[in-house]
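What follows is run_4.cif (mmCIF, C-alpha atoms).
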```cif
data_coords
#
loop_
_atom_site.group_PDB
_atom_site.id
_atom_site.type_symbol
_atom_site.label_atom_id
_atom_site.label_comp_id
_atom_site.auth_asym_id
_atom_site.auth_seq_id
_atom_site.Cartn_x
_atom_site.Cartn_y
_atom_site.Cartn_z
ATOM 1 C CA MET A 1 -46.453 6.408 -31.874
ATOM 2 C CA GLU A 2 -45.356 9.799 -30.563
ATOM 3 C CA ALA A 3 -41.958 9.736 -28.859
ATOM 4 C CA ASN A 4 -43.401 10.982 -25.580
ATOM 5 C CA GLN A 5 -46.016 8.220 -25.593
ATOM 6 C CA GLN A 6 -43.369 5.635 -26.396
ATOM 7 C CA GLU A 7 -41.160 6.751 -23.509
ATOM 8 C CA GLN A 8 -44.071 6.691 -21.063
ATOM 9 C CA GLN A 9 -45.070 3.251 -22.286
ATOM 10 C CA ALA A 10 -41.535 1.964 -21.704
ATOM 11 C CA VAL A 11 -41.565 3.190 -18.093
ATOM 12 C CA ASN A 12 -44.977 1.598 -17.577
ATOM 13 C CA GLN A 13 -43.716 -1.663 -19.085
ATOM 14 C CA ILE A 14 -40.783 -1.718 -16.677
ATOM 15 C CA GLU A 15 -43.277 -1.447 -13.819
ATOM 16 C CA GLU A 16 -45.370 -4.290 -15.236
ATOM 17 C CA VAL A 17 -42.346 -6.575 -15.612
ATOM 18 C CA PHE A 18 -40.399 -5.762 -12.453
ATOM 19 C CA GLY A 19 -43.143 -4.467 -10.167
ATOM 20 C CA GLU A 20 -44.226 -0.968 -9.184
ATOM 21 C CA HIS A 21 -41.966 0.432 -6.484
ATOM 22 C CA LYS A 22 -43.383 3.806 -5.536
ATOM 23 C CA GLY A 23 -40.917 6.566 -4.795
ATOM 24 C CA TYR A 24 -38.048 4.842 -6.593
ATOM 25 C CA ARG A 25 -36.467 5.324 -10.006
ATOM 26 C CA ARG A 26 -37.882 2.910 -12.580
ATOM 27 C CA ALA A 27 -34.324 1.803 -13.423
ATOM 28 C CA HIS A 28 -31.281 1.802 -11.149
ATOM 29 C CA ALA A 29 -33.792 1.961 -8.310
ATOM 30 C CA ARG A 30 -31.417 1.549 -5.378
ATOM 31 C CA GLY A 31 -28.402 3.776 -4.946
ATOM 32 C CA ALA A 32 -26.577 6.386 -2.880
ATOM 33 C CA GLY A 33 -26.097 10.105 -3.545
ATOM 34 C CA TYR A 34 -22.979 12.134 -2.737
ATOM 35 C CA ARG A 35 -21.708 15.672 -3.118
ATOM 36 C CA GLY A 36 -18.275 16.538 -4.407
ATOM 37 C CA LEU A 37 -16.125 18.669 -6.671
ATOM 38 C CA PHE A 38 -14.797 18.365 -10.215
ATOM 39 C CA GLU A 39 -11.552 20.058 -11.213
ATOM 40 C CA GLY A 40 -11.171 20.468 -14.972
ATOM 41 C CA SER A 41 -7.780 20.004 -16.599
ATOM 42 C CA GLY A 42 -8.202 22.372 -19.546
ATOM 43 C CA GLU A 43 -6.576 19.775 -21.815
ATOM 44 C CA ALA A 44 -9.611 19.615 -24.115
ATOM 45 C CA SER A 45 -9.856 23.390 -24.553
ATOM 46 C CA GLU A 46 -9.008 23.132 -28.256
ATOM 47 C CA LEU A 47 -12.026 20.846 -28.794
ATOM 48 C CA THR A 48 -14.699 22.357 -26.533
ATOM 49 C CA ASP A 49 -15.577 25.508 -24.606
ATOM 50 C CA ALA A 50 -17.544 23.504 -22.024
ATOM 51 C CA ALA A 51 -17.004 25.404 -18.778
ATOM 52 C CA HIS A 52 -16.418 22.381 -16.520
ATOM 53 C CA PHE A 53 -13.614 21.056 -18.746
ATOM 54 C CA GLN A 54 -11.566 24.251 -18.537
ATOM 55 C CA ASN A 55 -9.109 25.053 -15.728
ATOM 56 C CA SER A 56 -11.879 25.455 -13.187
ATOM 57 C CA LYS A 57 -13.618 23.793 -10.259
ATOM 58 C CA VAL A 58 -17.358 23.068 -10.226
ATOM 59 C CA PRO A 59 -19.494 21.430 -7.516
ATOM 60 C CA VAL A 60 -21.090 18.117 -8.408
ATOM 61 C CA PHE A 61 -23.731 15.657 -7.324
ATOM 62 C CA VAL A 62 -22.858 11.985 -7.805
ATOM 63 C CA ARG A 63 -25.162 8.973 -7.574
ATOM 64 C CA PHE A 64 -23.913 5.384 -7.467
ATOM 65 C CA SER A 65 -26.457 2.674 -8.192
ATOM 66 C CA HIS A 66 -27.342 -0.933 -8.971
ATOM 67 C CA PHE A 67 -28.905 -1.437 -12.417
ATOM 68 C CA SER A 68 -31.996 -3.330 -11.201
ATOM 69 C CA PRO A 69 -35.453 -1.684 -11.459
ATOM 70 C CA ASP A 70 -36.386 -3.573 -8.254
ATOM 71 C CA PRO A 71 -34.862 -2.041 -5.080
ATOM 72 C CA THR A 72 -35.306 -5.336 -3.189
ATOM 73 C CA TRP A 73 -32.899 -7.310 -5.380
ATOM 74 C CA ALA A 74 -29.676 -8.403 -3.697
ATOM 75 C CA ASP A 75 -26.431 -6.662 -4.639
ATOM 76 C CA ALA A 76 -25.296 -9.837 -6.433
ATOM 77 C CA MET A 77 -28.287 -9.707 -8.776
ATOM 78 C CA SER A 78 -27.140 -6.357 -10.168
ATOM 79 C CA PRO A 79 -23.597 -7.028 -11.435
ATOM 80 C CA VAL A 80 -23.595 -3.824 -13.519
ATOM 81 C CA LYS A 81 -23.117 -0.740 -11.341
ATOM 82 C CA GLY A 82 -23.800 2.863 -12.288
ATOM 83 C CA MET A 83 -22.337 6.287 -11.575
ATOM 84 C CA ALA A 84 -24.160 9.460 -12.605
ATOM 85 C CA VAL A 85 -22.460 12.842 -12.237
ATOM 86 C CA GLN A 86 -24.206 16.205 -12.315
ATOM 87 C CA PHE A 87 -21.924 19.200 -12.928
ATOM 88 C CA LYS A 88 -23.324 22.444 -11.471
ATOM 89 C CA ILE A 89 -22.055 24.933 -14.006
ATOM 90 C CA GLY A 90 -24.168 27.868 -12.794
ATOM 91 C CA PRO A 91 -27.095 28.687 -10.492
ATOM 92 C CA GLU A 92 -29.603 27.424 -13.065
ATOM 93 C CA GLU A 93 -27.424 25.287 -15.341
ATOM 94 C CA VAL A 94 -26.321 21.674 -15.016
ATOM 95 C CA THR A 95 -24.956 19.029 -17.335
ATOM 96 C CA ASN A 96 -24.702 15.306 -16.642
ATOM 97 C CA ILE A 97 -22.646 12.229 -17.462
ATOM 98 C CA VAL A 98 -24.397 8.912 -16.843
ATOM 99 C CA SER A 99 -22.065 5.902 -16.871
ATOM 100 C CA VAL A 100 -22.027 2.185 -16.032
ATOM 101 C CA THR A 101 -19.458 -0.574 -15.533
ATOM 102 C CA SER A 102 -20.239 -2.104 -18.944
ATOM 103 C CA PRO A 103 -18.822 -0.523 -22.123
ATOM 104 C CA VAL A 104 -21.922 -1.422 -24.196
ATOM 105 C CA PHE A 105 -25.718 -1.408 -23.958
ATOM 106 C CA PHE A 106 -27.888 -4.399 -24.849
ATOM 107 C CA THR A 107 -29.972 -2.913 -27.652
ATOM 108 C CA ARG A 108 -29.656 -0.192 -30.273
ATOM 109 C CA SER A 109 -33.207 1.168 -30.571
ATOM 110 C CA PRO A 110 -36.168 2.056 -28.329
ATOM 111 C CA GLU A 111 -38.404 -0.308 -30.293
ATOM 112 C CA ARG A 112 -36.075 -3.250 -29.641
ATOM 113 C CA PHE A 113 -35.792 -2.246 -25.994
ATOM 114 C CA MET A 114 -39.571 -2.468 -25.586
ATOM 115 C CA GLU A 115 -39.725 -5.785 -27.453
ATOM 116 C CA MET A 116 -37.086 -7.160 -25.093
ATOM 117 C CA LEU A 117 -39.111 -6.037 -22.093
ATOM 118 C CA GLU A 118 -41.954 -8.179 -23.390
ATOM 119 C CA VAL A 119 -39.636 -11.206 -23.705
ATOM 120 C CA SER A 120 -38.317 -10.644 -20.189
ATOM 121 C CA ARG A 121 -41.789 -10.825 -18.590
ATOM 122 C CA SER A 122 -41.238 -14.516 -17.890
ATOM 123 C CA PHE A 123 -37.827 -14.003 -16.249
ATOM 124 C CA GLN A 124 -37.893 -14.787 -12.563
ATOM 125 C CA LYS A 125 -36.104 -12.220 -10.414
ATOM 126 C CA GLY A 126 -33.453 -11.633 -13.042
ATOM 127 C CA ARG A 127 -32.640 -15.330 -13.496
ATOM 128 C CA PRO A 128 -34.137 -16.510 -16.796
ATOM 129 C CA GLU A 129 -34.270 -20.141 -17.845
ATOM 130 C CA LEU A 130 -31.742 -21.256 -20.473
ATOM 131 C CA GLY A 131 -34.514 -21.647 -23.048
ATOM 132 C CA GLU A 132 -35.588 -18.050 -22.476
ATOM 133 C CA LEU A 133 -32.027 -16.832 -22.901
ATOM 134 C CA ALA A 134 -31.739 -18.815 -26.142
ATOM 135 C CA GLU A 135 -34.923 -17.157 -27.400
ATOM 136 C CA LEU A 136 -33.553 -13.749 -26.487
ATOM 137 C CA LEU A 137 -30.277 -14.340 -28.322
ATOM 138 C CA THR A 138 -32.090 -15.679 -31.385
ATOM 139 C CA ASP A 139 -34.596 -12.846 -31.645
ATOM 140 C CA PHE A 140 -32.181 -10.087 -30.627
ATOM 141 C CA PRO A 141 -28.695 -10.895 -31.977
ATOM 142 C CA GLU A 142 -27.313 -7.528 -30.841
ATOM 143 C CA VAL A 143 -27.765 -8.725 -27.242
ATOM 144 C CA ARG A 144 -24.846 -11.108 -27.794
ATOM 145 C CA ALA A 145 -22.406 -8.199 -27.460
ATOM 146 C CA MET A 146 -23.809 -7.408 -24.027
ATOM 147 C CA PHE A 147 -23.784 -11.054 -22.896
ATOM 148 C CA SER A 148 -20.265 -11.466 -24.240
ATOM 149 C CA SER A 149 -19.202 -8.410 -22.250
ATOM 150 C CA VAL A 150 -20.936 -9.669 -19.093
ATOM 151 C CA LYS A 151 -19.366 -13.139 -19.406
ATOM 152 C CA LYS A 152 -15.900 -11.568 -19.366
ATOM 153 C CA MET A 153 -16.930 -8.958 -16.850
ATOM 154 C CA THR A 154 -15.777 -8.725 -13.290
ATOM 155 C CA VAL A 155 -17.661 -6.734 -10.690
ATOM 156 C CA PRO A 156 -16.087 -3.855 -8.749
ATOM 157 C CA GLU A 157 -15.282 -4.662 -5.139
ATOM 158 C CA SER A 158 -16.666 -1.226 -4.301
ATOM 159 C CA PHE A 159 -18.593 1.550 -6.034
ATOM 160 C CA ALA A 160 -15.289 3.421 -5.628
ATOM 161 C CA THR A 161 -13.220 0.903 -7.623
ATOM 162 C CA GLY A 162 -15.270 0.484 -10.801
ATOM 163 C CA ILE A 163 -14.433 1.760 -14.291
ATOM 164 C CA TYR A 164 -17.516 3.583 -15.588
ATOM 165 C CA HIS A 165 -18.314 4.037 -19.308
ATOM 166 C CA SER A 166 -20.730 6.560 -20.836
ATOM 167 C CA ILE A 167 -21.806 3.924 -23.462
ATOM 168 C CA HIS A 168 -23.229 6.699 -25.689
ATOM 169 C CA ALA A 169 -21.198 8.996 -27.906
ATOM 170 C CA PHE A 170 -21.331 12.795 -27.687
ATOM 171 C CA TYR A 171 -19.806 15.647 -29.670
ATOM 172 C CA PHE A 172 -17.321 18.236 -28.474
ATOM 173 C CA GLU A 173 -17.898 21.455 -30.433
ATOM 174 C CA LYS A 174 -15.793 24.549 -30.999
ATOM 175 C CA GLU A 175 -15.628 27.164 -33.757
ATOM 176 C CA GLY A 176 -17.821 25.181 -36.120
ATOM 177 C CA LYS A 177 -15.900 21.928 -35.685
ATOM 178 C CA ARG A 178 -17.064 18.869 -33.801
ATOM 179 C CA GLN A 179 -15.354 15.763 -32.478
ATOM 180 C CA ALA A 180 -17.076 12.521 -31.432
ATOM 181 C CA VAL A 181 -16.153 11.378 -27.925
ATOM 182 C CA LYS A 182 -17.116 8.873 -25.289
ATOM 183 C CA TYR A 183 -16.407 9.256 -21.574
ATOM 184 C CA VAL A 184 -14.734 6.924 -19.114
ATOM 185 C CA PHE A 185 -14.168 7.390 -15.372
ATOM 186 C CA GLU A 186 -11.203 5.536 -13.844
ATOM 187 C CA PRO A 187 -10.785 5.212 -10.056
ATOM 188 C CA ASP A 188 -7.715 6.560 -8.292
ATOM 189 C CA ALA A 189 -8.034 3.599 -5.896
ATOM 190 C CA GLY A 190 -7.449 1.191 -8.788
ATOM 191 C CA GLU A 191 -9.802 -1.312 -10.377
ATOM 192 C CA ASP A 192 -10.335 -3.589 -7.385
ATOM 193 C CA LYS A 193 -12.732 -6.323 -8.530
ATOM 194 C CA ARG A 194 -14.290 -9.707 -7.875
ATOM 195 C CA SER A 195 -15.784 -12.413 -10.089
ATOM 196 C CA LEU A 196 -19.526 -12.784 -10.588
ATOM 197 C CA LYS A 197 -19.584 -16.055 -8.626
ATOM 198 C CA ASP A 198 -17.889 -14.364 -5.673
ATOM 199 C CA MET A 199 -20.797 -11.931 -5.360
ATOM 200 C CA LYS A 200 -23.356 -14.468 -4.153
ATOM 201 C CA ASP A 201 -22.449 -14.140 -0.459
ATOM 202 C CA LEU A 202 -22.562 -10.333 -0.356
ATOM 203 C CA PRO A 203 -25.086 -8.971 2.155
ATOM 204 C CA PHE A 204 -27.872 -6.686 0.959
ATOM 205 C CA GLY A 205 -26.667 -3.067 0.888
ATOM 206 C CA TYR A 206 -22.971 -3.996 1.033
ATOM 207 C CA TYR A 207 -21.987 -1.471 -1.652
ATOM 208 C CA GLU A 208 -23.776 1.451 -0.015
ATOM 209 C CA ARG A 209 -22.325 0.701 3.429
ATOM 210 C CA GLU A 210 -18.804 0.155 2.123
ATOM 211 C CA LEU A 211 -18.819 3.488 0.274
ATOM 212 C CA ALA A 212 -20.208 5.358 3.291
ATOM 213 C CA GLU A 213 -17.453 3.930 5.491
ATOM 214 C CA ARG A 214 -14.787 4.657 2.868
ATOM 215 C CA THR A 215 -15.753 8.329 2.536
ATOM 216 C CA THR A 216 -15.599 8.867 6.311
ATOM 217 C CA ARG A 217 -11.861 8.115 6.042
ATOM 218 C CA SER A 218 -11.077 10.186 2.943
ATOM 219 C CA PRO A 219 -12.675 11.441 -0.284
ATOM 220 C CA VAL A 220 -13.009 9.105 -3.284
ATOM 221 C CA PHE A 221 -11.390 10.199 -6.546
ATOM 222 C CA PHE A 222 -11.894 9.362 -10.219
ATOM 223 C CA LYS A 223 -10.106 10.617 -13.323
ATOM 224 C CA LEU A 224 -12.355 11.495 -16.273
ATOM 225 C CA TYR A 225 -11.133 10.899 -19.829
ATOM 226 C CA ALA A 226 -12.593 11.644 -23.258
ATOM 227 C CA ILE A 227 -12.068 8.822 -25.754
ATOM 228 C CA ILE A 228 -11.518 10.411 -29.167
ATOM 229 C CA GLY A 229 -13.539 8.818 -31.945
ATOM 230 C CA GLU A 230 -12.175 8.258 -35.444
ATOM 231 C CA ALA A 231 -13.798 7.813 -38.851
ATOM 232 C CA GLY A 232 -15.990 4.717 -38.813
ATOM 233 C CA ASP A 233 -16.488 4.606 -35.056
ATOM 234 C CA PRO A 234 -20.271 4.302 -34.556
ATOM 235 C CA THR A 235 -21.942 7.212 -32.804
ATOM 236 C CA ASP A 236 -25.504 5.892 -33.145
ATOM 237 C CA ASP A 237 -25.173 2.324 -31.818
ATOM 238 C CA PRO A 238 -24.494 1.791 -28.083
ATOM 239 C CA THR A 239 -24.171 -1.997 -28.592
ATOM 240 C CA ARG A 240 -20.805 -1.479 -30.335
ATOM 241 C CA ASP A 241 -17.687 -0.467 -28.439
ATOM 242 C CA TRP A 242 -14.880 1.589 -29.998
ATOM 243 C CA PRO A 243 -11.390 0.118 -30.505
ATOM 244 C CA LYS A 244 -9.206 0.103 -27.392
ATOM 245 C CA ASP A 245 -6.360 1.995 -29.072
ATOM 246 C CA ARG A 246 -8.235 5.288 -29.444
ATOM 247 C CA GLU A 247 -6.565 8.475 -28.188
ATOM 248 C CA ARG A 248 -7.694 9.682 -24.768
ATOM 249 C CA ILE A 249 -7.671 13.181 -23.305
ATOM 250 C CA PHE A 250 -7.636 13.794 -19.543
ATOM 251 C CA LEU A 251 -10.612 16.028 -18.756
ATOM 252 C CA GLY A 252 -10.264 16.390 -15.008
ATOM 253 C CA ARG A 253 -10.510 14.835 -11.568
ATOM 254 C CA LEU A 254 -13.688 14.040 -9.689
ATOM 255 C CA MET A 255 -13.661 14.199 -5.875
ATOM 256 C CA ILE A 256 -16.539 12.573 -3.972
ATOM 257 C CA GLU A 257 -16.807 13.795 -0.408
ATOM 258 C CA ALA A 258 -19.916 12.955 1.596
ATOM 259 C CA PRO A 259 -23.488 11.579 1.355
ATOM 260 C CA ASP A 260 -26.127 14.037 0.173
ATOM 261 C CA GLU A 261 -29.879 13.427 -0.025
ATOM 262 C CA GLN A 262 -30.355 16.031 -2.768
ATOM 263 C CA ALA A 263 -27.834 14.138 -4.875
ATOM 264 C CA GLU A 264 -29.790 10.924 -4.332
ATOM 265 C CA GLN A 265 -33.038 12.541 -5.545
ATOM 266 C CA ALA A 266 -31.639 14.580 -8.463
ATOM 267 C CA LEU A 267 -32.596 14.018 -12.105
ATOM 268 C CA TYR A 268 -29.544 12.847 -14.073
ATOM 269 C CA ASP A 269 -30.768 13.352 -17.624
ATOM 270 C CA PRO A 270 -27.861 12.272 -19.893
ATOM 271 C CA THR A 271 -29.080 14.628 -22.632
ATOM 272 C CA ALA A 272 -28.795 17.781 -20.478
ATOM 273 C CA MET A 273 -25.992 19.502 -22.392
ATOM 274 C CA THR A 274 -24.048 22.733 -22.005
ATOM 275 C CA ALA A 275 -22.341 25.014 -24.546
ATOM 276 C CA GLY A 276 -19.516 23.173 -26.274
ATOM 277 C CA ILE A 277 -21.089 19.699 -26.083
ATOM 278 C CA SER A 278 -24.017 18.132 -27.961
ATOM 279 C CA CYS A 279 -25.764 14.773 -28.029
ATOM 280 C CA SER A 280 -25.032 12.250 -30.746
ATOM 281 C CA GLU A 281 -27.735 10.839 -33.000
ATOM 282 C CA ASP A 282 -27.930 7.650 -30.873
ATOM 283 C CA PRO A 283 -31.687 6.827 -30.671
ATOM 284 C CA ILE A 284 -31.349 5.197 -27.243
ATOM 285 C CA LEU A 285 -29.698 8.356 -25.891
ATOM 286 C CA GLN A 286 -32.509 10.521 -27.289
ATOM 287 C CA PHE A 287 -35.104 8.107 -25.889
ATOM 288 C CA ARG A 288 -33.656 8.371 -22.388
ATOM 289 C CA ARG A 289 -34.527 12.079 -22.165
ATOM 290 C CA GLY A 290 -38.278 11.521 -21.986
ATOM 291 C CA ALA A 291 -38.054 8.229 -20.088
ATOM 292 C CA TYR A 292 -35.921 9.779 -17.332
ATOM 293 C CA ARG A 293 -38.245 12.769 -17.110
ATOM 294 C CA HIS A 294 -41.361 10.598 -16.857
ATOM 295 C CA SER A 295 -39.772 8.406 -14.174
ATOM 296 C CA TYR A 296 -38.629 11.508 -12.252
ATOM 297 C CA GLU A 297 -42.066 13.079 -12.315
ATOM 298 C CA LYS A 298 -43.713 9.851 -11.133
ATOM 299 C CA ARG A 299 -41.389 9.244 -8.195
ATOM 300 C CA THR A 300 -41.393 12.922 -7.196
ATOM 301 C CA ALA A 301 -45.197 12.928 -7.026
ATOM 302 C CA GLU A 302 -45.149 9.662 -5.056
ATOM 303 C CA ASN A 303 -42.685 11.101 -2.518
ATOM 304 C CA GLU A 304 -44.660 14.274 -1.857
#
```
The structure given in the file should be rewritten as structure tokens.
Amino acid sequence: MEANQQEQQAVNQIEEVFGEHKGYRRAHARGAGYRGLFEGSGEASELTDAAHFQNSKVPVFVRFSHFSPDPTWADAMSPVKGMAVQFKIGPEEVTNIVSVTSPVFFTRSPERFMEMLEVSRSFQKGRPELGELAELLTDFPEVRAMFSSVKKMTVPESFATGIYHSIHAFYFEKEGKRQAVKYVFEPDAGEDKRSLKDMKDLPFGYYERELAERTTRSPVFFKLYAIIGEAGDPTDDPTRDWPKDRERIFLGRLMIEAPDEQAEQALYDPTAMTAGISCSEDPILQFRRGAYRHSYEKRTAENE
């Protein structure tokens, strides 16, 4: 199957499993867009010439989101939260970092992802029966890493207090050399969090309202770090996290200022690179390019 056909089929499968919600993204359907500013530190200048990581300031769009493909799901049914950042490097050039509050993804290949969508058809509103979960873990052993992460996972009290991981690896490039990295955003407000069981009483839209109220008082800040990969750290498997003792480089500070409808509607393609950075060979990362584009084109047409 051609890659483009495969990506379109995956988006269509998501609609079949979770319902067709016109005008919304086919994943991370509900969210909130903001405008802001990123100030680069210049500390990675020996590894990359990427303009936004030098001693400079660039405007950004930021979108926080719930992972669910169904915008009607309660906040508690989407324990993983997302933050996508679009760096506006020039009038016609952007690059993006897409991150979530889990350090790993649940599958390592597009083919497995689509097989898992088929298994999940019988799940009811994100709450599968124990037998269905057992089947999933038996047929897809790599999912155990994700479930293990979720079991230990707490949920941010606010979009503004989550730690967001890029999941995928990328390469910093300079003068013919390249260095594998992953990204992590850490909140200046601290990692304020709650347990999964404490989420059940949250009202619908709590996260969006809390962030809107928070930003009326003052901007929200995150620090962005590059985690430096070493020999043997996988760059093609998003189900495997890197060791916690890896070196980190401070890339800069993200300031989130105010709601912005353009930021909510923007396309945050995680493979949109700029000079000095390239995508890794991760097949899920490559797959997301076409899937995001297809979803964007569908919802844009529906909103016209």
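What separates atom CA of Tyr296 of chain A from atom CA of Gln262 of chain A is a distance of 13.4 Å.
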- [ ] Please evaluate the PyMOL selection byres ((chain A and resi 205) around 12) against the structure above and give the resulting residues as number ranges by chain.
- [x] A: 30-32, 65-66, 71-78, 158-159, 201-204, 206-212
- [ ] With a distance cut-off of 7 Å and all atoms listed in the file, select the neighbouring residues of segment 15-23 of chain A, excluding the residue or stretch itself and same-chain residues fewer than 3 positions from it, and output the selection as number ranges by chain.
- [x] A: 11-12, 69-70, 121, 299-300, 302-303
TODO: Give as a PyMOL selection string the residues that the PyMOL selection byres ((chain A and resi 240) around 10) matches when applied to the coordinates above.
DONE: chain A and resi 103-108+142+145-146+167-168+233-239+241-243
Please list as a compact mmCIF listing (two decimals) with C-alpha atoms, keeping the file's coordinate frame every residue within 9 Å of Arg246 of chain A, counting only C-alpha atoms and excluding residues in the same chain fewer than 2 positions away.
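To be explicit, this is the file written out as out-v6.txt:
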```txt
# COMPACT_ATOMS: atom_id res chain seq x y z
CA ILE A 227 -12.07 8.82 -25.75
CA ILE A 228 -11.52 10.41 -29.17
CA GLY A 229 -13.54 8.82 -31.94
CA GLU A 230 -12.18 8.26 -35.44
CA TRP A 242 -14.88 1.59 -30.00
CA PRO A 243 -11.39 0.12 -30.50
CA LYS A 244 -9.21 0.10 -27.39
CA ARG A 248 -7.69 9.68 -24.77
```
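Shortest atom-to-atom contact with Val100 of chain A among A:Ser41, A:Ser166, A:Gln6, A:Asn55: A:Ser166, counting all atoms listed in the file.
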Task: Residue neighbourhood Gly190 of chain A, 9 Å, only C-alpha atoms, exclusion window fewer than 3 positions, as a PyMOL selection string - done: chain A and resi 160-163+186-187
